[in-house]
Amino acid sequence: MRSRSTEPALIAEQLRRAFEGDAWHGPALLELLQDMDAATAAAKPLPNIHSIWELVLHVAVWDAAACRRMNGEIFQPEGVANFPLVPKPSKLAWRKTVAHVKRTHAALVKMVAALPESRLRERVPGKKYDFYFMLHGIAQHELYHAGQIAILKKAQIGE
């Protein structure tokens, strides 16, 4: 029997599952990154496809974008702001990237969990949709990129 959680708390839990684990579909984004090294993350095994590292940075951008929008900012990352450049691949740079996406995601989950339910139907600044739609879209976005990461990982190491 499910407890009577608020809708924002339920959305926050879906965001957490998509990112951290215990998702219905299979491995979440962080589970796919476990034991991954910088070379694997930076590699481009398929032509004209983003690397795992690029996708992780991109996920962090959109988690932060959701927070900025919930704070009332009109924000639409484009170009390098949407897909930041990967630093020179190293063990330390990769660890920093993973730590960054974890922090960004944790801030998003915390903000969503504390969101008053009435705000879900408010329009996102500068958009034609509401926060309910955006937040579900963020969870879908993370799952979409987790699937890409799974394929890129298999293309390289066969897991």
# chains A, B, ... in the order shown; residues from 1 in each chain; ligands from 1

$ closest_atom_pairs --of "stretch 19-97 of chain A" --to "stretch 133-156 of chain A" --cutoff "9 Å" --atoms "only C-alpha atoms" --output "Markdown table"
| residue | atom | partner | partner_atom | distance |
| --- | --- | --- | --- | --- |
| A:Phe19 | CA | A:Glu142 | CA | 6.7 |
| A:His25 | CA | A:Leu143 | CA | 9.0 |
| A:Pro27 | CA | A:Ala146 | CA | 7.9 |
| A:Ala28 | CA | A:Ala146 | CA | 6.4 |
| A:Leu29 | CA | A:Ala146 | CA | 4.8 |
| A:Leu30 | CA | A:Ala146 | CA | 8.5 |
| A:Leu32 | CA | A:Ala150 | CA | 6.5 |
| A:Leu33 | CA | A:Ile149 | CA | 8.5 |
| A:Met36 | CA | A:Lys153 | CA | 8.8 |
| A:Thr40 | CA | A:Gln156 | CA | 7.2 |
| A:Ala41 | CA | A:Lys153 | CA | 8.3 |
| A:Ala43 | CA | A:Gln156 | CA | 8.4 |
| A:Lys44 | CA | A:Leu152 | CA | 8.1 |
| A:Pro45 | CA | A:Ala155 | CA | 6.6 |
| A:Leu46 | CA | A:Leu152 | CA | 7.8 |
| A:Ser51 | CA | A:Leu152 | CA | 7.6 |
| A:Ile52 | CA | A:Ile149 | CA | 5.6 |
| A:Leu55 | CA | A:His145 | CA | 6.7 |
| A:Val56 | CA | A:His145 | CA | 8.2 |
| A:Val59 | CA | A:Glu142 | CA | 6.6 |
| A:Trp62 | CA | A:Ile138 | CA | 7.3 |
| A:Asp63 | CA | A:Ile138 | CA | 7.2 |
| A:Ala66 | CA | A:Leu135 | CA | 7.5 |

$ write_last_selection --atoms "N, CA, C and O atoms" --output "tab-separated table (two decimals), in the first residue's frame"
chain	number	residue	atom	x	y	z
A	19	PHE	N	17.72	8.39	-11.99
A	19	PHE	CA	19.12	8.79	-11.89
A	19	PHE	C	19.97	7.83	-11.05
A	19	PHE	O	21.04	7.42	-11.47
A	25	HIS	N	12.64	0.00	-15.20
A	25	HIS	CA	13.11	-0.35	-16.54
A	25	HIS	C	14.45	-1.07	-16.57
A	25	HIS	O	14.75	-1.75	-17.54
A	27	PRO	N	18.87	-0.50	-15.42
A	27	PRO	CA	19.88	0.35	-14.78
A	27	PRO	C	19.63	1.84	-14.99
A	27	PRO	O	19.34	2.29	-16.09
A	28	ALA	N	19.73	2.57	-13.90
A	28	ALA	CA	19.62	4.02	-13.94
A	28	ALA	C	20.95	4.62	-14.38
A	28	ALA	O	21.97	3.92	-14.48
A	29	LEU	N	20.95	5.92	-14.61
A	29	LEU	CA	22.14	6.59	-15.13
A	29	LEU	C	23.37	6.34	-14.27
A	29	LEU	O	24.41	5.93	-14.79
A	30	LEU	N	23.29	6.55	-12.97
A	30	LEU	CA	24.47	6.35	-12.11
A	30	LEU	C	24.92	4.90	-12.07
A	30	LEU	O	26.12	4.63	-12.00
A	32	LEU	N	24.88	2.89	-14.50
A	32	LEU	CA	25.63	2.67	-15.73
A	32	LEU	C	27.05	3.25	-15.64
A	32	LEU	O	27.95	2.79	-16.33
A	33	LEU	N	27.22	4.26	-14.80
A	33	LEU	CA	28.52	4.92	-14.68
A	33	LEU	C	29.46	4.25	-13.67
A	33	LEU	O	30.64	4.57	-13.63
A	36	MET	N	33.15	3.07	-14.40
A	36	MET	CA	33.53	3.56	-15.72
A	36	MET	C	34.76	4.45	-15.57
A	36	MET	O	34.85	5.25	-14.67
A	40	THR	N	36.77	5.49	-21.29
A	40	THR	CA	35.49	4.95	-21.77
A	40	THR	C	34.46	6.07	-21.87
A	40	THR	O	33.72	6.16	-22.85
A	41	ALA	N	34.42	6.93	-20.86
A	41	ALA	CA	33.46	8.03	-20.85
A	41	ALA	C	33.70	9.02	-21.99
A	41	ALA	O	32.75	9.57	-22.55
A	43	ALA	N	35.27	8.34	-24.93
A	43	ALA	CA	35.36	7.70	-26.24
A	43	ALA	C	34.12	7.98	-27.09
A	43	ALA	O	33.03	8.22	-26.57
A	44	LYS	N	34.34	7.92	-28.40
A	44	LYS	CA	33.24	8.09	-29.36
A	44	LYS	C	33.25	6.86	-30.27
A	44	LYS	O	33.75	6.92	-31.39
A	45	PRO	N	32.67	5.74	-29.79
A	45	PRO	CA	32.71	4.50	-30.56
A	45	PRO	C	31.80	4.51	-31.79
A	45	PRO	O	31.94	3.66	-32.66
A	46	LEU	N	30.87	5.45	-31.84
A	46	LEU	CA	29.95	5.56	-32.97
A	46	LEU	C	30.09	6.96	-33.58
A	46	LEU	O	30.14	7.95	-32.85
A	51	SER	N	29.56	11.47	-26.74
A	51	SER	CA	30.22	10.53	-25.83
A	51	SER	C	29.41	10.43	-24.54
A	51	SER	O	28.55	11.27	-24.25
A	52	ILE	N	29.72	9.42	-23.76
A	52	ILE	CA	29.09	9.27	-22.44
A	52	ILE	C	29.35	10.52	-21.61
A	52	ILE	O	28.46	11.05	-20.94
A	55	LEU	N	27.16	13.33	-22.61
A	55	LEU	CA	25.78	13.09	-22.17
A	55	LEU	C	25.62	13.36	-20.68
A	55	LEU	O	24.60	13.93	-20.26
A	56	VAL	N	26.61	12.98	-19.88
A	56	VAL	CA	26.54	13.23	-18.43
A	56	VAL	C	26.54	14.74	-18.16
A	56	VAL	O	25.74	15.23	-17.34
A	59	VAL	N	23.09	16.09	-19.06
A	59	VAL	CA	22.08	15.78	-18.03
A	59	VAL	C	22.20	16.79	-16.89
A	59	VAL	O	21.19	17.31	-16.40
A	62	TRP	N	20.57	20.10	-17.76
A	62	TRP	CA	19.12	20.13	-17.71
A	62	TRP	C	18.56	19.97	-16.30
A	62	TRP	O	17.49	20.52	-16.00
A	63	ASP	N	19.27	19.29	-15.42
A	63	ASP	CA	18.84	19.27	-14.02
A	63	ASP	C	18.95	20.68	-13.45
A	63	ASP	O	18.04	21.16	-12.76
A	66	ALA	N	16.20	23.00	-14.86
A	66	ALA	CA	14.92	22.83	-14.18
A	66	ALA	C	14.89	23.63	-12.88
A	66	ALA	O	13.90	24.29	-12.57

$ residues_around --residues "A:Pro8" --least-positions-apart "4" --cutoff "10 Å" --atoms "only C-alpha atoms" --output "list in words"
Ala12, Glu13, Gln14, Val109, Met111, Val112, Ala113, Ala114, Leu115, Pro116, Glu117, Ser118, Arg119, Leu120, Tyr132 and Leu135 of chain A

$ atom_distance --atom1 "atom CA of A:His105" --atom2 "atom CA of A:Arg68"
12.7 Å

$ select_by_dssp --residues "stretch 19-124 of chain A" --states "alpha helix (DSSP H)" --output "ChimeraX atom specification"
/A:19,29-33,38-42,52-70,91-113

$ residues_around --residues "A:Asn82" --least-positions-apart "5" --cutoff "7 Å" --atoms "only C-alpha atoms" --output "NGL selection string"
:A and (58 or 61 or 77)

$ closest_residue --among "A:Ala42, A:Val124, A:Lys96, A:Lys91" --to "A:Glu73" --atoms "only C-alpha atoms"
A:Val124

$ atom_distance --atom1 "atom CA of A:Ser90" --atom2 "atom CA of A:His50"
17.9 Å

$ atom_distance --atom1 "atom CA of A:Val98" --atom2 "atom CA of A:Phe131"
26.3 Å

$ residues_around --residues "A:Thr97" --least-positions-apart "4" --cutoff "9 Å" --atoms "only C-alpha atoms" --output "ChimeraX atom specification"
/A:53,56-57,92-93,101-102

$ closest_residue --among "A:Gln34, A:Ile157, A:Trp94, A:Arg69" --to "A:Gly21" --atoms "only C-alpha atoms"
A:Gln34

$ closest_residue --among "A:Arg103, A:Gly72, A:Leu108, A:Gly79" --to "A:Arg123" --atoms "only C-alpha atoms"
A:Gly72
